[in-house]
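S.K.: entry-v6.cif is reproduced below (mmCIF, C-alpha atoms).
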```cif
data_work
loop_
_atom_site.group_PDB
_atom_site.id
_atom_site.type_symbol
_atom_site.label_atom_id
_atom_site.label_comp_id
_atom_site.auth_asym_id
_atom_site.auth_seq_id
_atom_site.Cartn_x
_atom_site.Cartn_y
_atom_site.Cartn_z
ATOM 1 C CA MET A 1 9.150 -12.595 -8.875
ATOM 2 C CA ARG A 2 11.765 -10.292 -10.411
ATOM 3 C CA SER A 3 11.506 -11.903 -13.833
ATOM 4 C CA THR A 4 7.687 -11.794 -13.644
ATOM 5 C CA LEU A 5 7.761 -8.063 -12.942
ATOM 6 C CA THR A 6 10.207 -7.445 -15.781
ATOM 7 C CA THR A 7 8.169 -9.579 -18.186
ATOM 8 C CA THR A 8 5.025 -7.672 -17.177
ATOM 9 C CA TRP A 9 6.748 -4.346 -17.777
ATOM 10 C CA LEU A 10 8.004 -5.467 -21.204
ATOM 11 C CA LEU A 11 4.507 -6.651 -22.107
ATOM 12 C CA LEU A 12 3.041 -3.325 -20.981
ATOM 13 C CA MET A 13 5.546 -1.404 -23.124
ATOM 14 C CA PHE A 14 4.684 -3.589 -26.111
ATOM 15 C CA LEU A 15 0.960 -2.945 -25.571
ATOM 16 C CA VAL A 16 1.485 0.829 -25.286
ATOM 17 C CA ILE A 17 3.431 0.911 -28.564
ATOM 18 C CA LEU A 18 0.926 -1.413 -30.249
ATOM 19 C CA MET A 19 -1.972 0.796 -29.137
ATOM 20 C CA SER A 20 -0.248 3.981 -30.328
ATOM 21 C CA LEU A 21 0.498 2.471 -33.746
ATOM 22 C CA PHE A 22 -3.017 1.097 -34.050
ATOM 23 C CA ALA A 23 -4.518 4.468 -33.116
ATOM 24 C CA HIS A 24 -2.298 6.164 -35.710
ATOM 25 C CA PHE A 25 -3.111 3.917 -38.673
ATOM 26 C CA GLU A 26 -6.561 2.475 -38.054
ATOM 27 C CA PRO A 27 -9.634 4.559 -39.019
ATOM 28 C CA HIS A 28 -12.098 5.159 -36.189
ATOM 29 C CA SER A 29 -14.818 2.497 -36.107
ATOM 30 C CA SER A 30 -16.481 0.183 -33.627
ATOM 31 C CA PHE A 31 -13.606 -2.258 -34.203
ATOM 32 C CA PHE A 32 -11.160 0.538 -33.388
ATOM 33 C CA TRP A 33 -13.006 1.305 -30.124
ATOM 34 C CA THR A 34 -13.055 -2.365 -29.157
ATOM 35 C CA VAL A 35 -9.322 -2.880 -29.743
ATOM 36 C CA ILE A 36 -8.261 0.351 -28.014
ATOM 37 C CA LEU A 37 -10.450 -0.239 -24.964
ATOM 38 C CA GLY A 38 -9.559 -3.947 -24.886
ATOM 39 C CA LEU A 39 -5.822 -3.184 -24.860
ATOM 40 C CA SER A 40 -6.372 -0.590 -22.124
ATOM 41 C CA GLY A 41 -8.314 -3.102 -20.050
ATOM 42 C CA LEU A 42 -5.531 -5.640 -20.473
ATOM 43 C CA LYS A 43 -2.926 -3.128 -19.289
ATOM 44 C CA PHE A 44 -5.165 -2.210 -16.346
ATOM 45 C CA LEU A 45 -5.395 -5.843 -15.234
ATOM 46 C CA LEU A 46 -1.655 -6.433 -15.702
ATOM 47 C CA VAL A 47 -0.860 -3.507 -13.398
ATOM 48 C CA ALA A 48 -3.468 -4.560 -10.824
ATOM 49 C CA PHE A 49 -2.605 -8.256 -10.744
ATOM 50 C CA GLN A 50 1.186 -8.110 -11.164
ATOM 51 C CA PHE A 51 2.424 -4.736 -9.898
ATOM 52 C CA MET A 52 -0.203 -4.423 -7.149
ATOM 53 C CA GLU A 53 0.057 -8.150 -6.417
ATOM 54 C CA MET A 54 -3.688 -8.667 -6.510
ATOM 55 C CA LYS A 55 -2.987 -12.121 -7.937
ATOM 56 C CA ARG A 56 -2.312 -13.070 -4.298
ATOM 57 C CA ALA A 57 -5.511 -11.506 -2.956
ATOM 58 C CA ASN A 58 -8.816 -13.152 -2.083
ATOM 59 C CA SER A 59 -10.959 -14.133 -5.096
ATOM 60 C CA PHE A 60 -13.453 -11.387 -4.194
ATOM 61 C CA TRP A 61 -10.931 -8.700 -5.140
ATOM 62 C CA LYS A 62 -9.848 -10.485 -8.305
ATOM 63 C CA VAL A 63 -13.425 -10.939 -9.471
ATOM 64 C CA PHE A 64 -14.270 -7.336 -8.612
ATOM 65 C CA LEU A 65 -11.359 -5.965 -10.658
ATOM 66 C CA VAL A 66 -12.079 -8.142 -13.685
ATOM 67 C CA LEU A 67 -15.807 -7.324 -13.516
ATOM 68 C CA PHE A 68 -15.068 -3.611 -13.211
ATOM 69 C CA VAL A 69 -12.904 -3.637 -16.353
ATOM 70 C CA VAL A 70 -15.236 -5.841 -18.388
ATOM 71 C CA LEU A 71 -18.407 -3.940 -17.431
ATOM 72 C CA PHE A 72 -16.753 -0.552 -17.935
ATOM 73 C CA ILE A 73 -15.529 -1.439 -21.421
ATOM 74 C CA ALA A 74 -18.836 -3.104 -22.319
ATOM 75 C CA LEU A 75 -20.749 -0.030 -21.142
ATOM 76 C CA LEU A 76 -18.621 2.299 -23.275
ATOM 77 C CA LEU A 77 -18.915 0.052 -26.313
ATOM 78 C CA PHE A 78 -22.690 -0.272 -26.100
ATOM 79 C CA LEU A 79 -23.450 3.381 -25.339
ATOM 80 C CA MET H 80 9.819 -9.324 21.912
ATOM 81 C CA ASN H 81 9.111 -5.564 22.012
ATOM 82 C CA ALA H 82 6.325 -3.643 20.265
ATOM 83 C CA SER H 83 8.313 -2.851 17.113
ATOM 84 C CA ASP H 84 9.408 -6.503 16.730
ATOM 85 C CA THR H 85 5.771 -7.565 16.966
ATOM 86 C CA LYS H 86 4.825 -4.986 14.337
ATOM 87 C CA ILE H 87 7.437 -6.296 11.904
ATOM 88 C CA GLU H 88 6.539 -9.922 12.584
ATOM 89 C CA ASN H 89 2.859 -9.154 12.015
ATOM 90 C CA SER H 90 3.605 -7.350 8.774
ATOM 91 C CA ILE H 91 5.519 -10.245 7.297
ATOM 92 C CA SER H 92 2.860 -12.850 8.080
ATOM 93 C CA ILE H 93 -0.077 -11.127 6.368
ATOM 94 C CA ASP H 94 -2.605 -13.574 4.962
ATOM 95 C CA TYR H 95 -3.473 -11.957 1.616
ATOM 96 C CA GLN H 96 -6.073 -14.639 0.964
ATOM 97 C CA ASN H 97 -8.140 -13.139 3.776
ATOM 98 C CA ILE H 98 -10.774 -10.917 2.163
ATOM 99 C CA TYR H 99 -9.982 -8.137 4.666
ATOM 100 C CA TYR H 100 -6.254 -8.085 3.873
ATOM 101 C CA PRO H 101 -5.679 -7.400 0.166
ATOM 102 C CA PRO H 102 -2.080 -6.286 -0.587
ATOM 103 C CA GLY H 103 -1.838 -2.767 0.828
ATOM 104 C CA GLY H 104 -4.739 -3.244 3.237
ATOM 105 C CA ILE H 105 -8.507 -2.912 3.108
ATOM 106 C CA LEU H 106 -8.600 0.875 3.629
ATOM 107 C CA ILE H 107 -6.442 1.732 0.613
ATOM 108 C CA TRP H 108 -8.499 -0.669 -1.487
ATOM 109 C CA ILE H 109 -11.765 0.956 -0.439
ATOM 110 C CA LEU H 110 -10.203 4.255 -1.548
ATOM 111 C CA ILE H 111 -9.008 2.699 -4.827
ATOM 112 C CA LEU H 112 -12.465 1.273 -5.577
ATOM 113 C CA LEU H 113 -14.140 4.616 -4.874
ATOM 114 C CA GLU H 114 -11.636 6.443 -7.073
ATOM 115 C CA LEU H 115 -12.066 3.965 -9.920
ATOM 116 C CA LEU H 116 -15.843 4.237 -9.701
ATOM 117 C CA THR H 117 -15.676 8.050 -9.644
ATOM 118 C CA PHE H 118 -13.388 8.289 -12.673
ATOM 119 C CA GLY H 119 -15.324 5.485 -14.377
ATOM 120 C CA ILE H 120 -18.618 7.349 -13.993
ATOM 121 C CA ALA H 121 -17.054 10.630 -15.191
ATOM 122 C CA LEU H 122 -15.621 8.919 -18.296
ATOM 123 C CA THR H 123 -18.950 7.235 -19.009
ATOM 124 C CA VAL H 124 -20.728 10.603 -18.850
ATOM 125 C CA LEU H 125 -18.028 12.025 -21.144
ATOM 126 C CA VAL H 126 -18.726 9.326 -23.746
ATOM 127 C CA ILE H 127 -22.485 9.901 -23.441
ATOM 128 C CA GLN H 128 -21.976 13.644 -24.008
ATOM 129 C CA SER H 129 -19.797 12.953 -27.038
ATOM 130 C CA LYS H 130 -22.920 11.594 -28.783
ATOM 131 C CA ASN H 131 -24.449 15.095 -28.609
ATOM 132 C CA GLU H 132 -21.403 16.891 -30.000
ATOM 133 C CA PRO H 133 -19.429 14.293 -32.039
ATOM 134 C CA ASP H 134 -17.688 16.824 -34.302
ATOM 135 C CA LEU H 135 -16.543 18.984 -31.402
ATOM 136 C CA PHE H 136 -15.206 15.962 -29.491
ATOM 137 C CA HIS H 137 -13.374 14.705 -32.591
ATOM 138 C CA THR H 138 -11.832 18.111 -33.333
ATOM 139 C CA MET H 139 -10.783 18.797 -29.748
ATOM 140 C CA SER H 140 -9.443 15.294 -29.166
ATOM 141 C CA ASP H 141 -7.317 15.738 -32.308
ATOM 142 C CA LYS H 142 -5.800 18.828 -30.701
ATOM 143 C CA LEU H 143 -4.392 16.718 -27.859
ATOM 144 C CA ASN H 144 -0.810 15.597 -28.327
ATOM 145 C CA THR H 145 -0.885 11.787 -28.468
ATOM 146 C CA LEU H 146 2.926 11.673 -28.394
ATOM 147 C CA PHE H 147 2.930 13.411 -24.997
ATOM 148 C CA GLY H 148 0.122 11.096 -23.867
ATOM 149 C CA SER H 149 1.960 7.954 -24.977
ATOM 150 C CA MET H 150 5.218 9.149 -23.428
ATOM 151 C CA ASN H 151 3.433 9.783 -20.155
ATOM 152 C CA THR H 152 1.902 6.301 -20.284
ATOM 153 C CA ILE H 153 5.358 4.771 -20.707
ATOM 154 C CA VAL H 154 6.827 6.964 -17.963
ATOM 155 C CA LEU H 155 4.040 6.180 -15.483
ATOM 156 C CA LEU H 156 4.035 2.431 -16.166
ATOM 157 C CA THR H 157 7.830 2.307 -15.823
ATOM 158 C CA SER H 158 7.536 4.235 -12.583
ATOM 159 C CA GLY H 159 4.987 1.645 -11.411
ATOM 160 C CA PHE H 160 7.411 -1.123 -12.377
ATOM 161 C CA PHE H 161 10.137 0.442 -10.235
ATOM 162 C CA MET H 162 7.639 0.807 -7.397
ATOM 163 C CA ALA H 163 6.794 -2.896 -7.586
ATOM 164 C CA LYS H 164 10.526 -3.722 -7.564
ATOM 165 C CA SER H 165 10.999 -1.469 -4.548
ATOM 166 C CA VAL H 166 8.250 -3.295 -2.618
ATOM 167 C CA HIS H 167 9.816 -6.617 -3.603
ATOM 168 C CA PHE H 168 13.229 -5.569 -2.245
ATOM 169 C CA PHE H 169 11.637 -4.137 0.902
ATOM 170 C CA LYS H 170 10.097 -7.524 1.693
ATOM 171 C CA ASP H 171 13.562 -9.056 1.194
ATOM 172 C CA LYS H 172 14.888 -6.481 3.687
ATOM 173 C CA ASN H 173 17.246 -5.185 1.002
ATOM 174 C CA TYR H 174 16.837 -1.549 1.962
ATOM 175 C CA VAL H 175 19.575 -0.190 -0.333
ATOM 176 C CA SER H 176 17.794 -1.509 -3.434
ATOM 177 C CA THR H 177 14.429 -0.498 -1.952
ATOM 178 C CA LYS H 178 15.560 3.113 -1.715
ATOM 179 C CA LYS H 179 17.252 3.035 -5.127
ATOM 180 C CA PHE H 180 14.084 1.917 -6.896
ATOM 181 C CA LEU H 181 11.970 4.281 -4.793
ATOM 182 C CA ILE H 182 14.088 7.205 -5.981
ATOM 183 C CA TRP H 183 13.642 6.115 -9.608
ATOM 184 C CA THR H 184 9.907 5.849 -9.005
ATOM 185 C CA VAL H 185 9.766 9.410 -7.711
ATOM 186 C CA LEU H 186 12.022 10.738 -10.477
ATOM 187 C CA LEU H 187 9.802 9.260 -13.175
ATOM 188 C CA GLY H 188 6.778 10.661 -11.346
ATOM 189 C CA LEU H 189 8.411 14.073 -11.636
ATOM 190 C CA VAL H 190 9.052 13.455 -15.354
ATOM 191 C CA PHE H 191 5.317 12.737 -15.743
ATOM 192 C CA VAL H 192 4.496 16.028 -14.010
ATOM 193 C CA GLY H 193 7.010 17.816 -16.254
ATOM 194 C CA ILE H 194 5.578 16.424 -19.509
ATOM 195 C CA LYS H 195 2.030 17.160 -18.367
ATOM 196 C CA SER H 196 3.022 20.707 -17.421
ATOM 197 C CA ILE H 197 4.479 21.272 -20.908
ATOM 198 C CA GLU H 198 1.239 19.967 -22.416
ATOM 199 C CA TYR H 199 -0.836 22.220 -20.162
ATOM 200 C CA THR H 200 1.332 25.217 -21.112
ATOM 201 C CA HIS H 201 0.814 24.505 -24.834
ATOM 202 C CA LYS H 202 -2.934 24.322 -24.327
ATOM 203 C CA ILE H 203 -3.058 27.565 -22.350
ATOM 204 C CA ASN H 204 -0.933 29.318 -25.009
ATOM 205 C CA GLU H 205 -3.421 28.128 -27.653
ATOM 206 C CA GLY H 206 -6.212 29.668 -25.568
ATOM 207 C CA ILE H 207 -7.678 26.258 -24.704
ATOM 208 C CA THR H 208 -8.585 26.468 -21.050
ATOM 209 C CA LEU H 209 -11.243 25.287 -18.627
ATOM 210 C CA GLY H 210 -14.530 26.627 -19.992
ATOM 211 C CA SER H 211 -13.448 26.595 -23.656
ATOM 212 C CA ASN H 212 -15.912 23.828 -24.541
ATOM 213 C CA THR H 213 -17.460 20.625 -23.166
ATOM 214 C CA PHE H 214 -14.612 18.326 -24.183
ATOM 215 C CA MET H 215 -11.935 20.584 -22.761
ATOM 216 C CA ASN H 216 -13.846 20.951 -19.507
ATOM 217 C CA TYR H 217 -13.598 17.182 -19.093
ATOM 218 C CA TYR H 218 -9.968 17.189 -20.223
ATOM 219 C CA TRP H 219 -8.894 19.789 -17.688
ATOM 220 C CA LEU H 220 -10.941 18.399 -14.799
ATOM 221 C CA LEU H 221 -10.073 14.714 -15.312
ATOM 222 C CA THR H 222 -6.368 15.195 -16.048
ATOM 223 C CA GLY H 223 -6.190 17.885 -13.349
ATOM 224 C CA PHE H 224 -7.614 15.544 -10.692
ATOM 225 C CA HIS H 225 -5.274 12.835 -11.895
ATOM 226 C CA MET H 226 -2.341 15.239 -11.638
ATOM 227 C CA ILE H 227 -3.361 16.012 -8.026
ATOM 228 C CA HIS H 228 -3.254 12.265 -7.289
ATOM 229 C CA VAL H 229 0.242 12.051 -8.790
ATOM 230 C CA LEU H 230 1.443 14.980 -6.664
ATOM 231 C CA VAL H 231 -0.077 13.464 -3.497
ATOM 232 C CA GLY H 232 1.536 10.130 -4.432
ATOM 233 C CA LEU H 233 4.930 11.820 -4.781
ATOM 234 C CA VAL H 234 4.574 13.337 -1.304
ATOM 235 C CA ILE H 235 3.597 9.939 0.166
ATOM 236 C CA LEU H 236 6.544 8.186 -1.518
ATOM 237 C CA SER H 237 8.932 10.898 -0.323
ATOM 238 C CA LEU H 238 7.694 10.373 3.236
ATOM 239 C CA MET H 239 8.172 6.610 2.859
ATOM 240 C CA TYR H 240 11.700 7.202 1.593
ATOM 241 C CA HIS H 241 12.404 9.328 4.643
ATOM 242 C CA SER H 242 10.933 6.654 6.919
ATOM 243 C CA ILE H 243 12.985 3.851 5.327
ATOM 244 C CA SER H 244 16.134 5.970 5.470
ATOM 245 C CA GLN H 245 15.641 6.699 9.181
ATOM 246 C CA LYS H 246 14.208 3.440 10.594
ATOM 247 C CA PRO H 247 13.885 0.755 7.928
ATOM 248 C CA GLU H 248 13.201 -2.052 10.416
ATOM 249 C CA GLN H 249 10.293 -0.164 11.935
ATOM 250 C CA THR H 250 8.620 0.684 8.624
ATOM 251 C CA ASP H 251 5.569 -1.541 8.317
ATOM 252 C CA VAL H 252 5.265 -3.613 5.131
ATOM 253 C CA LEU H 253 1.551 -2.821 5.033
ATOM 254 C CA ASP H 254 2.258 0.927 5.106
ATOM 255 C CA PHE H 255 4.764 0.585 2.282
ATOM 256 C CA GLU H 256 2.392 -1.582 0.258
ATOM 257 C CA ALA H 257 -0.441 0.905 0.819
ATOM 258 C CA SER H 258 1.772 3.748 -0.434
ATOM 259 C CA ALA H 259 2.719 1.649 -3.453
ATOM 260 C CA SER H 260 -0.950 0.845 -4.107
ATOM 261 C CA PHE H 261 -1.785 4.549 -4.105
ATOM 262 C CA TRP H 262 0.976 5.119 -6.643
ATOM 263 C CA HIS H 263 -0.310 2.282 -8.827
ATOM 264 C CA LEU H 264 -3.781 3.832 -8.577
ATOM 265 C CA CYS H 265 -2.332 6.747 -10.582
ATOM 266 C CA ASP H 266 -1.339 4.190 -13.261
ATOM 267 C CA LEU H 267 -4.798 2.642 -13.281
ATOM 268 C CA ILE H 268 -6.602 5.977 -13.616
ATOM 269 C CA TRP H 269 -4.252 7.098 -16.387
ATOM 270 C CA LEU H 270 -4.790 3.829 -18.261
ATOM 271 C CA LEU H 271 -8.514 4.685 -18.356
ATOM 272 C CA LEU H 272 -8.084 8.403 -19.113
ATOM 273 C CA PHE H 273 -5.497 8.222 -21.884
ATOM 274 C CA PRO H 274 -7.346 6.131 -24.524
ATOM 275 C CA ILE H 275 -10.684 7.845 -23.958
ATOM 276 C CA LEU H 276 -9.453 11.440 -23.976
ATOM 277 C CA TYR H 277 -6.642 11.102 -26.529
ATOM 278 C CA LEU H 278 -7.550 8.287 -28.901
ATOM 279 C CA ILE H 279 -11.115 7.145 -29.371
ATOM 280 C CA PHE H 280 -12.961 10.269 -30.523
#
```
Would you write out, as structure tokens, the structure that this file holds?
M.R.:
Amino acid sequence: MRSTLTTTWLLLMFLVILMSLFAHFEPHSSFFWTVILGLSGLKFLLVAFQFMEMKRANSFWKVFLVLFVVLFIALLLFL
Amino acid sequence: MNASDTKIENSISIDYQNIYYPPGGILIWILILLELLTFGIALTVLVIQSKNEPDLFHTMSDKLNTLFGSMNTIVLLTSGFFMAKSVHFFKDKNYVSTKKFLIWTVLLGLVFVGIKSIEYTHKINEGITLGSNTFMNYYWLLTGFHMIHVLVGLVILSLMYHSISQKPEQTDVLDFEASASFWHLCDLIWLLLFPILYLIF
């Protein structure tokens, strides 16, 4: 459990830095939007499943969280 | 077995696979879902409005300090990591480590508030306040509501710290998990706010 939490935190830090660098160097385009929102969605799910321990919850909650992230990002991308 | 023993025993044997008992409890998760939907709808409307005023949104988003935003993301996620560690140690009945990580969680929460306050001060000094334009209205309202959540979370965690310091054996795991879930909610909201307000326009 401890190593999983630490690994999750390290991965989150890597994703934050990656997103900041990408935002700094990449010109704004639909690809840019997709990557930025995709990385944010990934971080969201890592926090929910690992830090909030939703990986142990009933499938209903897992499906709801994944659907929320996917639909939210899809909605923003297709607006 | 007295009432408090029963409470502790019940807390430890929670069946998280039961749909009514997600980690933290059903009530905090109903709150979390409502909060996520509320912020999600507000951010969607923000993106829709950006189509009407793309230049304004681009210019104003550029005025936001992405370094402050990134630092706050790191601070809040690290605070969430310490919170998760604290919950882990609480379940192991290691109350010394529980309190140690809880203090670090609160301290980093205060750092977040400090960085955000500096950012707010810069904006006010530049004359960018609520009512300046459409983008800034969203900025102030969304980050302001998020800040309120962080402050409420800090109060809740301080109360939990007090409870664990006084009567650790009588502090319910579900209560502690619910407090932690509220704190992680602040992470989740920020992870949605930061890229949309600071990066994508």
S.K.: Would you mind listing what lies within 10 Å of H:Leu143 as a list in words, with all atoms listed in the file counted and same-chain residues fewer than 4 positions away left out?
M.R.: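 Residues meeting the cut-off are Thr138, Met139, Phe147, Gly148, Glu198, His201, Lys202, Met215, Tyr218, Leu276, Tyr277 and Leu278 of chain H.
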S.K.: Go ahead and write the residues just picked, C-alpha atoms, as a PDB file, in the coordinates of the input.
M.R.:
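File written: result_3.pdb
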```pdb
ATOM      1  CA  THR H 138     -11.832  18.111 -33.333  1.00  0.00           C
ATOM      2  CA  MET H 139     -10.783  18.797 -29.748  1.00  0.00           C
ATOM      3  CA  PHE H 147       2.930  13.411 -24.997  1.00  0.00           C
ATOM      4  CA  GLY H 148       0.122  11.096 -23.867  1.00  0.00           C
ATOM      5  CA  GLU H 198       1.239  19.967 -22.416  1.00  0.00           C
ATOM      6  CA  HIS H 201       0.814  24.505 -24.834  1.00  0.00           C
ATOM      7  CA  LYS H 202      -2.934  24.322 -24.327  1.00  0.00           C
ATOM      8  CA  MET H 215     -11.935  20.584 -22.761  1.00  0.00           C
ATOM      9  CA  TYR H 218      -9.968  17.189 -20.223  1.00  0.00           C
ATOM     10  CA  LEU H 276      -9.453  11.440 -23.976  1.00  0.00           C
ATOM     11  CA  TYR H 277      -6.642  11.102 -26.529  1.00  0.00           C
ATOM     12  CA  LEU H 278      -7.550   8.287 -28.901  1.00  0.00           C
TER      13      LEU H 278
END
```
S.K.: Which residues would end up in the selection if the PyMOL selection byres ((chain H and resi 111-124) around 8) were applied here, given that I need the answer as a PyMOL selection string?
M.R.: (chain A and resi 72+75-76) or (chain H and resi 107-110+125-128+221+261+264+268+271-272+275)
S.K.: Kindly export the residues of the current selection with C-alpha atoms, as an mmCIF file, keeping the file's coordinate frame.
M.R.:
```cif
data_model
loop_
_atom_site.group_PDB
_atom_site.id
_atom_site.type_symbol
_atom_site.label_atom_id
_atom_site.label_comp_id
_atom_site.auth_asym_id
_atom_site.auth_seq_id
_atom_site.Cartn_x
_atom_site.Cartn_y
_atom_site.Cartn_z
ATOM 1 C CA PHE A 72 -16.753 -0.552 -17.935
ATOM 2 C CA LEU A 75 -20.749 -0.030 -21.142
ATOM 3 C CA LEU A 76 -18.621 2.299 -23.275
ATOM 4 C CA ILE H 107 -6.442 1.732 0.613
ATOM 5 C CA TRP H 108 -8.499 -0.669 -1.487
ATOM 6 C CA ILE H 109 -11.765 0.956 -0.439
ATOM 7 C CA LEU H 110 -10.203 4.255 -1.548
ATOM 8 C CA LEU H 125 -18.028 12.025 -21.144
ATOM 9 C CA VAL H 126 -18.726 9.326 -23.746
ATOM 10 C CA ILE H 127 -22.485 9.901 -23.441
ATOM 11 C CA GLN H 128 -21.976 13.644 -24.008
ATOM 12 C CA LEU H 221 -10.073 14.714 -15.312
ATOM 13 C CA PHE H 261 -1.785 4.549 -4.105
ATOM 14 C CA LEU H 264 -3.781 3.832 -8.577
ATOM 15 C CA ILE H 268 -6.602 5.977 -13.616
ATOM 16 C CA LEU H 271 -8.514 4.685 -18.356
ATOM 17 C CA LEU H 272 -8.084 8.403 -19.113
ATOM 18 C CA ILE H 275 -10.684 7.845 -23.958
#
```
S.K.: Could you work out how far atom CA of H:Thr152 lies from atom CA of H:Ser129, giving the answer in Å with one decimal?
M.R.: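 Computing the Euclidean distance for atom CA of H:Ser129 and atom CA of H:Thr152 yields 23.7 Å.
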S.K.: Taking every listed atom of stretch 238-257 of chain H and adding 6 Å to each side, what centre and edge lengths in Å (one decimal) does the axis-aligned box have, as JSON?
M.R.:
```
{"center_x": 7.8, "center_y": 3.4, "center_z": 6.1, "size_x": 28.6, "size_y": 26.0, "size_z": 23.7}
```
S.K.: Could you expand the PyMOL selection byres ((chain A and resi 37-47) around 9) into the explicit residues it covers here, written as number ranges by chain?
M.R.: A: 8-9, 11-12, 15-16, 18-19, 32-36, 48-53, 65-66, 69-70, 73, 76-77; H: 156, 159-160, 263, 266-268, 270-271, 273-275, 279
S.K.: Would you write out, as a list in words, every residue that the PyMOL selection byres ((chain H and resi 232-234) around 9) captures in this file?
M.R.: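 Going through the file, the PyMOL selection byres ((chain H and resi 232-234) around 9) ends up selecting Thr184, Val185, Gly188, Leu189, Ile227, His228, Val229, Leu230, Val231, Ile235, Leu236, Ser237, Leu238, Met239, Ser258, Ala259, Phe261, Trp262 and Cys265 of chain H.
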S.K.: If the cut-off is 6 Å, can you tell me the residues of chain H near chain A, counting only C-alpha atoms? I'd like them as a PyMOL selection string.
M.R.: chain H and resi 95-98+101+163+267
S.K.: Please, what distance in Å, to one decimal, runs between atom CA of H:Leu155 and atom CA of H:Trp183?
M.R.: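 Result for atom CA of H:Leu155 versus atom CA of H:Trp183: 11.3 Å, one decimal.
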S.K.: Do you have the atom CA of H:Phe161-atom CA of H:Asp251 distance handy?
M.R.: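 Separation between atom CA of H:Phe161 and atom CA of H:Asp251: 19.2 Å.
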